[in-house]
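Chemist: Sharing a structure, written as structure tokens. Questions coming.
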Amino acid sequence: MNVFAEINTLVLENLNTLVAEGTLPTGLDFSNVAVEPPRDAAHGDMATNAAMVLAKQARMKPRDIAEALADKLAADPRVLTADVAGPGFLNLRLDADIWLSVIPAALNHGTDFGRSDMGGKRKINVEFVSANPTGPLHVGHTRGAVFGDALAGLLDFAGFDVTREYYINDGGAQVDVLARSAYERYREALGQEPKIVEGLYPGDYLIPVGQAIAEKYGDSLLDKPESEWLAELREFSTEQMMDMIRADLKALGVVMDVFFSEKSLYGTGKIESALQTLEDKGLIYQGVLEPPKGKLPEDWEAREQTLFKSTEHGDDVDRPVKKSDGSWTYFAPDIAYHYDKIQRGFDELIDVLGADHGGYVKRMKAAVSALSDGKVPLDIKLTQLVKLFKNGEPFKMSKRAGTFVTLKDVVDLVGPDVTRFVMLTRKNDAPLDFDFAKVLEQSKDNPVFYVQYAHARVNSVLAKAAEAGFDVTDENLASADLRPLEHDAELGLVRKLAEWPRLLEAAARHHEPHRIAFYLYDLASDFHALQHLGKIEPELRFIRPDKPEQTLARLAMIRATAVAIAAGLGILGVTPAKEMR
RNA sequence: GGCCCCGUAGCUCAGCUGGAUAGAGCGGCCCCCUCCUAAGGGGCAGGCCGGUGGUUCGAAUCCACCCGGGGUCACCA
């Protein structure tokens, strides 16, 4: 049920008819023909630019095309009037029933209202968070987690077969550092003085890990050389860290489908196989990179390395996959990891990364393009910084982990729903100010509250109506006669509701979940305004005991609004509030 | 210096596939509850959409160059 798609189809059908009749020449490109709601409601319900887009191709005056199309469209029962305006816009006024039909559609579908088959069950992998398993998740990860999870939810709703995935960087030197740091905490747990030297992780979060090691191994590792415990503790500590990370994510409401270990790529031939694939395409060679342009690192020297010819797939320079000593660079397992995703049959890939990884985008896209022969698109979404405040003052907190605020800190303070919604009220590539005081405020300038309040208010009205004897079940409301909905403010709300399916698809196409948050705010705003009108003009109150038909129509309308809010919040991973007291 | 992101009202930001008179919240000024949640609603003031060219019937939106702010930049992941 998508009014816009419906009318778009109608316009295209009639354009084809005009071609068939010879009014328009053959061979026209309709791809730029759009049907949109006009910004100004005075222009009607829907407008199309078809005449202007086609005028040049057809070598006709825009107004002539518009008038011919208007005649055709006006013959459709759904179209009340079709007027040519301005340079050649065609403004359509639609039968109110078209708009009103969104109400039973919402009531019948519940929180699936707006679900689309746009994705056609295409397999899409959303990789996000992927923090090093060396400590707790912090605020930056939180934003990535919220964004990635909401994007995944959005794509699922839009008909994709979505996999949420976390890449565990457990293959590099940082895990050795973790193991050594945990070993010191282990010594501490057994009563010795820990030596947390420079370069080790000092965070308190490793204390319980040290205790766990003590429980498992007793004193058997004490005073043993590193070579005897490093591998063991690396694995053990990583698992402990991942348990903590999983718990943190769960507190935020994020559940991954797949945790993929970088380590699993080593010694299994996976890296070699991915690189071989590139080599078979002639994209691997031994060479010496040019020195970086501009500022030259002081210790720069020319080195012969194994390079990937990423410039053939859009990168600026070729990238090393092996160090000069022959070992892999970090880029090599990343290539292998993405190759693995391709081999698992994903049709599309998305990586959600922090903004500091901007320099990484081109080379990874080049690798995926090369490995999939350009068949699997990779979109990389970078999430910008989160700046923390409390009452407008910069906020620092260092409970246990050094100088950073952890995900758990944030969720403990404001809860998962508020955290998620607020972090989605900005585009991913815009910095975000997060004020702990403001996000908990119950007022209009707090979007979370404002949207939740609209949902709760609907519930409250329905409860009142039920007390007054109305049957407020969705089944009953879905069959209500909607003709009593006539007021501009009512029809305005209904139109806004009808935008939902279209908005959802646009958000999914652009990988921009924040559009849902803004839409919900607008929808809530329309609802609050209408609700208030009832205070000024009593005949606009939702519940009018003396007018049961009108009341049912209005209850159906506001219940449909609540359903849309619940559906939208559901995608964002936020629980709709039943009441706000 | 190269690359990436950003630049829209006093502040924080939306702005759809290029579409008609550029929107919201906050802040400022003014108004609205005997009532389904005033935890709300309405109005006024406030903009050369960073700049200059270009493409187009039409540009905040696309392209080029420039100016500001941030990020990043050969064997760290």
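Lettering and numbering for the structure tokens are positional, with chains as A, B, ... in the shown order, residues counted from 1 in each chain, and ligands counted from 1 in the shown order.
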Would you pick out the contacts of Asp156 in chain A at 10 Å or less, using only C-alpha atoms (C1' of nucleotides), so that residues sharing its chain but fewer than 2 positions from it are not included, and give the list as a list in words?
Modeler: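 Returned residues: Arg115, Ser116, Asp117, Gly119, Lys121, Lys123, Ile124, Ala150, Leu151, Ala152, Gly153, Leu154, Ala158, Gly159, Phe160, Asp161, Val162, Thr163, Ala508 and Ile571 of chain A.
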Chemist: Give me, as a VMD selection string, the residues of chain A touching chain B, with the criterion being at most 8 Å (counting only C-alpha atoms (C1' of nucleotides)).
Modeler: chain A and resid 32 34 49 52 86 to 87 169 172 174 289 291 to 295 300 316 322 to 325 329 to 330 355 to 359 426 429 to 430 442 to 445 453 457 460 to 461 464 503 506 518 528 to 529 532 to 533 535 541 to 543
Chemist: Hey, can you spit out that residue selection with C-alpha atoms as a PDB file, in the first residue's frame?
Modeler:
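Contents of the output file again.pdb:
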```
ATOM      1  CA  ASN A  32      13.555  10.889 -14.653  1.00  0.00           C
ATOM      2  CA  ALA A  34       8.901  11.610 -10.795  1.00  0.00           C
ATOM      3  CA  ASN A  49       7.367  16.693 -13.640  1.00  0.00           C
ATOM      4  CA  MET A  52       9.220  19.102 -18.346  1.00  0.00           C
ATOM      5  CA  GLY A  86       3.923  26.812 -13.686  1.00  0.00           C
ATOM      6  CA  PRO A  87       6.514  25.708 -16.225  1.00  0.00           C
ATOM      7  CA  ASN A 169      40.421  -8.318  15.377  1.00  0.00           C
ATOM      8  CA  GLY A 172      47.328  -8.869  15.608  1.00  0.00           C
ATOM      9  CA  GLN A 174      47.241  -5.962  20.226  1.00  0.00           C
ATOM     10  CA  LEU A 289      55.766   2.660  -3.453  1.00  0.00           C
ATOM     11  CA  PRO A 291      56.938   8.327  -0.988  1.00  0.00           C
ATOM     12  CA  PRO A 292      53.737   9.892   0.317  1.00  0.00           C
ATOM     13  CA  LYS A 293      53.069  13.296  -1.151  1.00  0.00           C
ATOM     14  CA  GLY A 294      53.524  16.366   0.988  1.00  0.00           C
ATOM     15  CA  LYS A 295      55.030  15.800   4.401  1.00  0.00           C
ATOM     16  CA  TRP A 300      60.828   6.994   5.178  1.00  0.00           C
ATOM     17  CA  ASP A 316      44.762   6.689  -5.362  1.00  0.00           C
ATOM     18  CA  LYS A 322      52.999  -7.768   2.701  1.00  0.00           C
ATOM     19  CA  LYS A 323      55.570  -6.020   4.788  1.00  0.00           C
ATOM     20  CA  SER A 324      59.145  -5.940   3.547  1.00  0.00           C
ATOM     21  CA  ASP A 325      59.921  -8.880   5.850  1.00  0.00           C
ATOM     22  CA  THR A 329      50.026  -6.244   6.540  1.00  0.00           C
ATOM     23  CA  TYR A 330      46.714  -5.671   8.291  1.00  0.00           C
ATOM     24  CA  ALA A 355      35.280   8.456  10.859  1.00  0.00           C
ATOM     25  CA  ASP A 356      38.983   7.975  11.551  1.00  0.00           C
ATOM     26  CA  HIS A 357      38.919   5.117   9.051  1.00  0.00           C
ATOM     27  CA  GLY A 358      38.143   7.434   6.152  1.00  0.00           C
ATOM     28  CA  GLY A 359      41.489   6.707   4.542  1.00  0.00           C
ATOM     29  CA  ARG A 426      21.838  12.998  13.222  1.00  0.00           C
ATOM     30  CA  ASP A 429      28.485  11.656   8.866  1.00  0.00           C
ATOM     31  CA  ALA A 430      27.573  14.614  11.061  1.00  0.00           C
ATOM     32  CA  GLN A 442      10.616  15.342  29.253  1.00  0.00           C
ATOM     33  CA  SER A 443       9.938  18.168  26.874  1.00  0.00           C
ATOM     34  CA  LYS A 444       9.461  19.090  23.268  1.00  0.00           C
ATOM     35  CA  ASP A 445      13.134  19.746  22.597  1.00  0.00           C
ATOM     36  CA  TYR A 453       4.621  10.940  24.145  1.00  0.00           C
ATOM     37  CA  ARG A 457      -1.178   9.844  24.151  1.00  0.00           C
ATOM     38  CA  SER A 460      -4.464   7.155  26.567  1.00  0.00           C
ATOM     39  CA  VAL A 461      -7.196   8.386  24.227  1.00  0.00           C
ATOM     40  CA  LYS A 464     -10.677   6.729  27.473  1.00  0.00           C
ATOM     41  CA  LEU A 503       9.952   7.273   3.145  1.00  0.00           C
ATOM     42  CA  ALA A 506      14.058   5.985   0.383  1.00  0.00           C
ATOM     43  CA  PHE A 518      13.025  12.704  11.610  1.00  0.00           C
ATOM     44  CA  HIS A 528       0.152  16.709  18.802  1.00  0.00           C
ATOM     45  CA  ALA A 529      -1.165  19.683  16.827  1.00  0.00           C
ATOM     46  CA  HIS A 532      -4.523  20.206  20.648  1.00  0.00           C
ATOM     47  CA  LEU A 533      -7.036  21.499  18.113  1.00  0.00           C
ATOM     48  CA  LYS A 535      -9.027  21.760  23.005  1.00  0.00           C
ATOM     49  CA  ARG A 541     -11.971  16.184  19.750  1.00  0.00           C
ATOM     50  CA  PHE A 542     -11.164  12.570  19.015  1.00  0.00           C
ATOM     51  CA  ILE A 543     -13.896  11.253  21.275  1.00  0.00           C
TER      52      ILE A 543
END
```
Chemist: Could you give me, as number ranges by chain, the residues within 12 Å of Leu28 in chain A, counting only C-alpha atoms (C1' of nucleotides) and dropping anything in the same chain fewer than 3 positions from it?
Modeler: A: 12, 15-16, 18-20, 24-25, 31-33, 50-51, 53-59
Chemist: What is the C1' of G27 in chain B to CA of Ala437 in chain A distance in Å?
Modeler: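 Those two atoms sit 17.9 Å apart.
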Chemist: Which value, in Å to one decimal, gives the distance between CA of Gly492 in chain A and CA of Pro447 in chain A?
Modeler: 20.9 Å
Chemist: Closest to A9 in chain B among B:C31, B:A59, B:C66, B:C49, using only C-alpha atoms (C1' of nucleotides)?
Modeler: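 Selected residue with least distance to A9 in chain B: B:C49.
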Chemist: Determine, counting only C-alpha atoms (C1' of nucleotides), which protein, DNA and RNA residues have an atom within 9 Å of an atom of Leu190 in chain A; residues of the same chain fewer than 6 positions away are not included. Present the result as a list of chain:residue names.
Modeler: A:Gly210, A:Gln211, A:Ala214, A:Gly218, A:Asp219, A:Leu222
Chemist: Which neighbours of range 90-92 of chain A fall inside 7 Å, counting only C-alpha atoms (C1' of nucleotides), when residues of the same chain fewer than 5 positions from it are skipped, and could you give them as a ChimeraX atom specification?
Modeler: /A:43-49,66,79,81-85
Chemist: Please dump the current selection as an mmCIF file, in the first residue's frame; keep C-alpha atoms.
Modeler:
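Result went into result.cif, see below:
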```
data_model
loop_
_atom_site.group_PDB
_atom_site.id
_atom_site.type_symbol
_atom_site.label_atom_id
_atom_site.label_comp_id
_atom_site.auth_asym_id
_atom_site.auth_seq_id
_atom_site.Cartn_x
_atom_site.Cartn_y
_atom_site.Cartn_z
ATOM 1 C CA HIS A 43 -0.783 22.636 -5.338
ATOM 2 C CA GLY A 44 -2.742 19.491 -4.796
ATOM 3 C CA ASP A 45 -2.002 16.021 -3.519
ATOM 4 C CA MET A 46 0.607 14.927 -5.992
ATOM 5 C CA ALA A 47 2.663 16.492 -8.736
ATOM 6 C CA THR A 48 4.581 15.100 -11.658
ATOM 7 C CA ASN A 49 7.367 16.693 -13.640
ATOM 8 C CA ALA A 66 1.154 18.153 -19.671
ATOM 9 C CA VAL A 79 -7.836 11.390 -9.919
ATOM 10 C CA THR A 81 -8.511 16.963 -11.038
ATOM 11 C CA ALA A 82 -5.314 17.306 -13.064
ATOM 12 C CA ASP A 83 -4.129 20.855 -13.611
ATOM 13 C CA VAL A 84 -1.163 22.164 -15.497
ATOM 14 C CA ALA A 85 0.785 24.738 -13.519
#
```
Chemist: Mind checking DSSP for range 383-534 of chain A and telling me the strand (DSSP E) residues as a list in words?
Modeler: Thr383, Val386, Lys387, Leu388, Phe389, Lys390, Glu393, Pro394, Leu432, Asp433, Phe434 and Asp435 of chain A
Chemist: Let's have the selection written as a compact mmCIF listing (two decimals), in the first residue's frame, with N, CA, C and O atoms.
Modeler:
```
# COMPACT_ATOMS: atom_id res chain seq x y z
N THR A 383 30.84 6.73 10.79
CA THR A 383 30.09 7.46 11.82
C THR A 383 31.02 8.47 12.49
O THR A 383 32.12 8.14 12.89
N VAL A 386 31.05 11.43 18.69
CA VAL A 386 30.01 11.82 19.65
C VAL A 386 30.67 12.71 20.69
O VAL A 386 31.68 12.34 21.28
N LYS A 387 30.12 13.90 20.86
CA LYS A 387 30.64 14.79 21.91
C LYS A 387 29.68 14.74 23.09
O LYS A 387 28.48 14.96 22.93
N LEU A 388 30.22 14.44 24.26
CA LEU A 388 29.37 14.27 25.43
C LEU A 388 29.29 15.55 26.25
O LEU A 388 30.29 16.24 26.44
N PHE A 389 28.09 15.83 26.72
CA PHE A 389 27.87 17.00 27.56
C PHE A 389 26.97 16.63 28.73
O PHE A 389 26.26 15.63 28.69
N LYS A 390 27.00 17.46 29.74
CA LYS A 390 25.99 17.40 30.78
C LYS A 390 25.61 18.83 31.11
O LYS A 390 26.46 19.60 31.54
N GLU A 393 27.87 21.39 29.59
CA GLU A 393 29.30 21.33 29.90
C GLU A 393 29.87 20.02 29.36
O GLU A 393 29.24 18.97 29.49
N PRO A 394 31.08 20.10 28.79
CA PRO A 394 31.72 18.86 28.33
C PRO A 394 31.78 17.84 29.47
O PRO A 394 32.05 18.22 30.61
N LEU A 432 27.84 14.44 16.54
CA LEU A 432 26.65 14.38 17.37
C LEU A 432 26.94 14.91 18.77
O LEU A 432 27.91 14.48 19.40
N ASP A 433 26.16 15.85 19.23
CA ASP A 433 26.26 16.28 20.63
C ASP A 433 25.27 15.47 21.45
O ASP A 433 24.10 15.37 21.11
N PHE A 434 25.76 14.88 22.51
CA PHE A 434 24.93 14.03 23.36
C PHE A 434 24.98 14.60 24.76
O PHE A 434 25.99 14.51 25.45
N ASP A 435 23.88 15.21 25.18
CA ASP A 435 23.83 15.84 26.49
C ASP A 435 23.02 14.97 27.45
O ASP A 435 21.82 14.80 27.28
```
Chemist: If I take CA of Glu262 in chain A and CA of Asp318 in chain A, how far is one from the other in Å, to one decimal?
Modeler: 23.1 Å
Chemist: Restricting the calculation to only C-alpha atoms: of A:Leu100, A:Val411, A:Ile271, A:Val321, which residue gets closest to Leu493 in chain A?
Modeler: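 Of the candidates, the smallest distance to Leu493 in chain A is held by A:Leu100.
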Chemist: Please list as a JSON list (two decimals) with all heavy atoms, in the first residue's frame every residue within 12 Å of Arg344 in chain A, counting only C-alpha atoms (C1' of nucleotides) and excluding residues in the same chain fewer than 2 positions away.
Modeler:
```json
[["chain", "number", "residue", "atom", "x", "y", "z"],
["A", 123, "LYS", "N", 20.68, -10.93, -0.30],
["A", 123, "LYS", "CA", 21.46, -11.12, 0.92],
["A", 123, "LYS", "C", 22.40, -9.94, 1.11],
["A", 123, "LYS", "O", 23.20, -9.62, 0.24],
["A", 123, "LYS", "CB", 22.28, -12.42, 0.83],
["A", 123, "LYS", "CG", 21.44, -13.67, 0.95],
["A", 123, "LYS", "CD", 22.33, -14.91, 0.96],
["A", 123, "LYS", "CE", 23.19, -14.97, 2.21],
["A", 123, "LYS", "NZ", 24.04, -16.19, 2.26],
["A", 124, "ILE", "N", 22.28, -9.30, 2.25],
["A", 124, "ILE", "CA", 23.12, -8.14, 2.53],
["A", 124, "ILE", "C", 23.78, -8.31, 3.89],
["A", 124, "ILE", "O", 23.15, -8.77, 4.84],
["A", 124, "ILE", "CB", 22.29, -6.83, 2.45],
["A", 124, "ILE", "CG1", 23.19, -5.61, 2.51],
["A", 124, "ILE", "CG2", 21.21, -6.75, 3.51],
["A", 124, "ILE", "CD1", 22.49, -4.34, 2.02],
["A", 125, "ASN", "N", 25.07, -8.01, 3.93],
["A", 125, "ASN", "CA", 25.83, -8.16, 5.16],
["A", 125, "ASN", "C", 26.16, -6.79, 5.71],
["A", 125, "ASN", "O", 26.75, -5.96, 5.03],
["A", 125, "ASN", "CB", 27.13, -8.93, 4.87],
["A", 125, "ASN", "CG", 27.95, -9.17, 6.12],
["A", 125, "ASN", "OD1", 28.46, -8.23, 6.73],
["A", 125, "ASN", "ND2", 28.10, -10.43, 6.51],
["A", 163, "THR", "N", 22.27, -9.93, 7.42],
["A", 163, "THR", "CA", 23.13, -10.54, 8.42],
["A", 163, "THR", "C", 23.88, -9.45, 9.16],
["A", 163, "THR", "O", 24.51, -8.60, 8.54],
["A", 163, "THR", "CB", 24.15, -11.49, 7.75],
["A", 163, "THR", "OG1", 23.44, -12.55, 7.11],
["A", 163, "THR", "CG2", 25.11, -12.08, 8.78],
["A", 337, "TYR", "N", 38.97, -11.40, 4.55],
["A", 337, "TYR", "CA", 37.67, -11.37, 5.24],
["A", 337, "TYR", "C", 36.56, -10.96, 4.28],
["A", 337, "TYR", "O", 35.50, -11.59, 4.23],
["A", 337, "TYR", "CB", 37.76, -10.41, 6.43],
["A", 337, "TYR", "CG", 36.44, -10.15, 7.12],
["A", 337, "TYR", "CD1", 35.59, -11.21, 7.45],
["A", 337, "TYR", "CD2", 36.04, -8.87, 7.44],
["A", 337, "TYR", "CE1", 34.38, -10.98, 8.08],
["A", 337, "TYR", "CE2", 34.84, -8.62, 8.07],
["A", 337, "TYR", "CZ", 34.00, -9.69, 8.38],
["A", 337, "TYR", "OH", 32.80, -9.45, 8.99],
["A", 338, "HIS", "N", 36.79, -9.94, 3.53],
["A", 338, "HIS", "CA", 35.76, -9.50, 2.58],
["A", 338, "HIS", "C", 35.56, -10.52, 1.46],
["A", 338, "HIS", "O", 34.45, -10.69, 0.96],
["A", 338, "HIS", "CB", 36.09, -8.10, 2.04],
["A", 338, "HIS", "CG", 35.79, -7.01, 3.02],
["A", 338, "HIS", "ND1", 36.61, -6.71, 4.08],
["A", 338, "HIS", "CD2", 34.72, -6.16, 3.13],
["A", 338, "HIS", "CE1", 36.07, -5.73, 4.79],
["A", 338, "HIS", "NE2", 34.93, -5.39, 4.25],
["A", 339, "TYR", "N", 36.64, -11.21, 1.11],
["A", 339, "TYR", "CA", 36.51, -12.27, 0.10],
["A", 339, "TYR", "C", 35.63, -13.38, 0.66],
["A", 339, "TYR", "O", 34.78, -13.93, -0.05],
["A", 339, "TYR", "CB", 37.91, -12.81, -0.23],
["A", 339, "TYR", "CG", 37.93, -13.77, -1.40],
["A", 339, "TYR", "CD1", 37.27, -13.46, -2.59],
["A", 339, "TYR", "CD2", 38.65, -14.97, -1.33],
["A", 339, "TYR", "CE1", 37.32, -14.33, -3.67],
["A", 339, "TYR", "CE2", 38.69, -15.84, -2.40],
["A", 339, "TYR", "CZ", 38.02, -15.53, -3.58],
["A", 339, "TYR", "OH", 38.06, -16.38, -4.64],
["A", 340, "ASP", "N", 35.81, -13.65, 1.93],
["A", 340, "ASP", "CA", 34.98, -14.67, 2.58],
["A", 340, "ASP", "C", 33.50, -14.26, 2.54],
["A", 340, "ASP", "O", 32.62, -15.08, 2.26],
["A", 340, "ASP", "CB", 35.43, -14.86, 4.03],
["A", 340, "ASP", "CG", 34.70, -16.00, 4.71],
["A", 340, "ASP", "OD1", 35.13, -17.15, 4.53],
["A", 340, "ASP", "OD2", 33.68, -15.74, 5.39],
["A", 341, "LYS", "N", 33.23, -13.01, 2.79],
["A", 341, "LYS", "CA", 31.83, -12.55, 2.72],
["A", 341, "LYS", "C", 31.28, -12.75, 1.32],
["A", 341, "LYS", "O", 30.13, -13.18, 1.15],
["A", 341, "LYS", "CB", 31.74, -11.06, 3.08],
["A", 341, "LYS", "CG", 32.03, -10.72, 4.53],
["A", 341, "LYS", "CD", 31.61, -9.26, 4.79],
["A", 341, "LYS", "CE", 32.48, -8.58, 5.80],
["A", 341, "LYS", "NZ", 32.11, -7.18, 6.05],
["A", 342, "ILE", "N", 32.07, -12.41, 0.33],
["A", 342, "ILE", "CA", 31.61, -12.58, -1.05],
["A", 342, "ILE", "C", 31.32, -14.06, -1.32],
["A", 342, "ILE", "O", 30.30, -14.41, -1.90],
["A", 342, "ILE", "CB", 32.68, -12.06, -2.04],
["A", 342, "ILE", "CG1", 32.81, -10.54, -1.91],
["A", 342, "ILE", "CG2", 32.33, -12.44, -3.47],
["A", 342, "ILE", "CD1", 34.03, -9.96, -2.60],
["A", 346, "PHE", "N", 26.89, -13.13, -0.35],
["A", 346, "PHE", "CA", 26.18, -11.87, -0.13],
["A", 346, "PHE", "C", 26.12, -11.07, -1.43],
["A", 346, "PHE", "O", 27.08, -11.02, -2.19],
["A", 346, "PHE", "CB", 26.84, -11.04, 0.97],
["A", 346, "PHE", "CG", 26.64, -11.64, 2.33],
["A", 346, "PHE", "CD1", 27.66, -12.33, 2.97],
["A", 346, "PHE", "CD2", 25.40, -11.57, 2.95],
["A", 346, "PHE", "CE1", 27.46, -12.91, 4.21],
["A", 346, "PHE", "CE2", 25.18, -12.15, 4.19],
["A", 346, "PHE", "CZ", 26.22, -12.82, 4.82],
["A", 347, "ASP", "N", 24.96, -10.46, -1.65],
["A", 347, "ASP", "CA", 24.77, -9.66, -2.86],
["A", 347, "ASP", "C", 25.26, -8.22, -2.65],
["A", 347, "ASP", "O", 25.58, -7.52, -3.61],
["A", 347, "ASP", "CB", 23.29, -9.61, -3.24],
["A", 347, "ASP", "CG", 22.74, -11.00, -3.52],
["A", 347, "ASP", "OD1", 23.29, -11.66, -4.43],
["A", 347, "ASP", "OD2", 21.81, -11.43, -2.83],
["A", 348, "GLU", "N", 25.26, -7.81, -1.39],
["A", 348, "GLU", "CA", 25.72, -6.46, -1.07],
["A", 348, "GLU", "C", 26.41, -6.49, 0.28],
["A", 348, "GLU", "O", 26.05, -7.27, 1.16],
["A", 348, "GLU", "CB", 24.55, -5.47, -0.98],
["A", 348, "GLU", "CG", 23.88, -5.15, -2.30],
["A", 348, "GLU", "CD", 22.73, -4.15, -2.12],
["A", 348, "GLU", "OE1", 22.95, -3.12, -1.44],
["A", 348, "GLU", "OE2", 21.64, -4.40, -2.64],
["A", 349, "LEU", "N", 27.40, -5.62, 0.43],
["A", 349, "LEU", "CA", 28.12, -5.51, 1.70],
["A", 349, "LEU", "C", 28.06, -4.07, 2.20],
["A", 349, "LEU", "O", 28.13, -3.13, 1.41],
["A", 349, "LEU", "CB", 29.60, -5.90, 1.52],
["A", 349, "LEU", "CG", 29.91, -7.27, 0.93],
["A", 349, "LEU", "CD1", 31.43, -7.45, 0.80],
["A", 349, "LEU", "CD2", 29.32, -8.38, 1.78],
["A", 372, "SER", "N", 35.14, -9.34, -6.61],
["A", 372, "SER", "CA", 33.81, -9.76, -7.05],
["A", 372, "SER", "C", 33.57, -9.37, -8.51],
["A", 372, "SER", "O", 32.44, -9.45, -8.98],
["A", 372, "SER", "CB", 32.74, -9.11, -6.16],
["A", 372, "SER", "OG", 32.63, -7.72, -6.45],
["A", 376, "VAL", "N", 29.62, -7.19, -6.50],
["A", 376, "VAL", "CA", 29.10, -7.00, -5.14],
["A", 376, "VAL", "C", 29.45, -5.59, -4.68],
["A", 376, "VAL", "O", 30.60, -5.27, -4.45],
["A", 376, "VAL", "CB", 29.72, -8.03, -4.17],
["A", 376, "VAL", "CG1", 29.22, -7.78, -2.75],
["A", 376, "VAL", "CG2", 29.38, -9.45, -4.61]]
```
Chemist: Can you pull out every residue within 12 Å of Asp488 in chain A, counting only C-alpha atoms (C1' of nucleotides), but drop anything in the same chain fewer than 3 positions away, and send it as a compact mmCIF listing (two decimals) with all heavy atoms, in the first residue's frame?
Modeler:
```txt
# COMPACT_ATOMS: atom_id res chain seq x y z
N ALA A 41 0.74 22.35 -0.08
CA ALA A 41 -0.47 21.54 -0.23
C ALA A 41 -1.48 22.20 -1.16
O ALA A 41 -2.35 21.52 -1.72
CB ALA A 41 -1.11 21.29 1.13
N ALA A 42 -1.37 23.51 -1.34
CA ALA A 42 -2.30 24.21 -2.24
C ALA A 42 -2.14 23.75 -3.68
O ALA A 42 -3.03 23.94 -4.52
CB ALA A 42 -2.07 25.72 -2.14
N ALA A 96 -10.20 11.41 -1.88
CA ALA A 96 -9.79 11.29 -0.47
C ALA A 96 -9.65 9.82 -0.06
O ALA A 96 -8.83 9.48 0.79
CB ALA A 96 -10.77 12.02 0.44
N PRO A 484 -16.12 10.45 7.68
CA PRO A 484 -16.20 11.62 8.56
C PRO A 484 -14.88 12.38 8.71
O PRO A 484 -14.87 13.47 9.27
CB PRO A 484 -16.64 11.03 9.91
CG PRO A 484 -17.31 9.75 9.57
CD PRO A 484 -16.58 9.22 8.38
N LEU A 485 -13.79 11.80 8.25
CA LEU A 485 -12.51 12.53 8.35
C LEU A 485 -12.44 13.54 7.22
O LEU A 485 -12.23 13.19 6.06
CB LEU A 485 -11.32 11.56 8.26
CG LEU A 485 -11.24 10.52 9.36
CD1 LEU A 485 -10.12 9.53 9.09
CD2 LEU A 485 -11.04 11.19 10.71
N LEU A 491 -6.83 15.36 7.47
CA LEU A 491 -6.32 14.83 6.21
C LEU A 491 -4.81 15.05 6.09
O LEU A 491 -4.10 14.26 5.47
CB LEU A 491 -7.06 15.50 5.04
CG LEU A 491 -8.56 15.16 5.02
CD1 LEU A 491 -9.27 15.91 3.89
CD2 LEU A 491 -8.79 13.66 4.88
N GLY A 492 -4.33 16.11 6.73
CA GLY A 492 -2.89 16.35 6.74
C GLY A 492 -2.16 15.23 7.46
O GLY A 492 -1.12 14.75 6.99
N LEU A 493 -2.69 14.82 8.58
CA LEU A 493 -2.09 13.72 9.34
C LEU A 493 -2.15 12.42 8.52
O LEU A 493 -1.18 11.66 8.47
CB LEU A 493 -2.82 13.54 10.68
CG LEU A 493 -2.34 12.38 11.55
CD1 LEU A 493 -0.88 12.59 11.98
CD2 LEU A 493 -3.22 12.21 12.78
N VAL A 494 -3.28 12.21 7.86
CA VAL A 494 -3.43 11.00 7.05
C VAL A 494 -2.42 10.99 5.90
O VAL A 494 -1.81 9.96 5.60
CB VAL A 494 -4.87 10.88 6.52
CG1 VAL A 494 -4.98 9.72 5.54
CG2 VAL A 494 -5.84 10.70 7.67
N ARG A 495 -2.22 12.14 5.27
CA ARG A 495 -1.23 12.22 4.19
C ARG A 495 0.17 11.91 4.70
O ARG A 495 0.96 11.24 4.05
CB ARG A 495 -1.22 13.62 3.58
CG ARG A 495 -2.30 13.83 2.58
CD ARG A 495 -1.99 15.02 1.70
NE ARG A 495 -3.21 15.41 1.00
CZ ARG A 495 -4.07 16.29 1.47
NH1 ARG A 495 -3.84 16.90 2.60
NH2 ARG A 495 -5.16 16.57 0.79
N ASP A 526 2.51 16.48 13.91
CA ASP A 526 1.17 16.61 13.32
C ASP A 526 0.10 16.09 14.28
O ASP A 526 -0.97 16.66 14.41
CB ASP A 526 1.09 15.84 11.99
CG ASP A 526 1.74 16.60 10.86
OD1 ASP A 526 2.23 17.72 11.10
OD2 ASP A 526 1.75 16.10 9.73
N ALA A 529 -0.44 18.47 17.26
CA ALA A 529 -1.17 19.68 16.83
C ALA A 529 -2.66 19.38 16.71
O ALA A 529 -3.50 20.16 17.15
CB ALA A 529 -0.61 20.18 15.50
N LEU A 530 -2.96 18.24 16.11
CA LEU A 530 -4.36 17.87 15.94
C LEU A 530 -5.03 17.61 17.28
O LEU A 530 -6.16 18.04 17.53
CB LEU A 530 -4.43 16.61 15.06
CG LEU A 530 -5.82 16.10 14.69
CD1 LEU A 530 -6.61 17.19 13.99
CD2 LEU A 530 -5.69 14.88 13.79
N LEU A 533 -5.91 20.82 18.75
CA LEU A 533 -7.04 21.50 18.11
C LEU A 533 -8.34 21.17 18.82
O LEU A 533 -9.24 22.00 18.92
CB LEU A 533 -7.14 21.09 16.64
CG LEU A 533 -6.37 21.94 15.63
CD1 LEU A 533 -6.65 21.44 14.23
CD2 LEU A 533 -6.74 23.41 15.75
N LEU A 540 -13.61 19.00 17.20
CA LEU A 540 -12.48 18.26 16.63
C LEU A 540 -11.88 17.26 17.61
O LEU A 540 -10.89 16.61 17.32
CB LEU A 540 -11.40 19.22 16.15
CG LEU A 540 -11.71 19.94 14.84
CD1 LEU A 540 -10.63 20.95 14.51
CD2 LEU A 540 -11.87 18.94 13.71
```
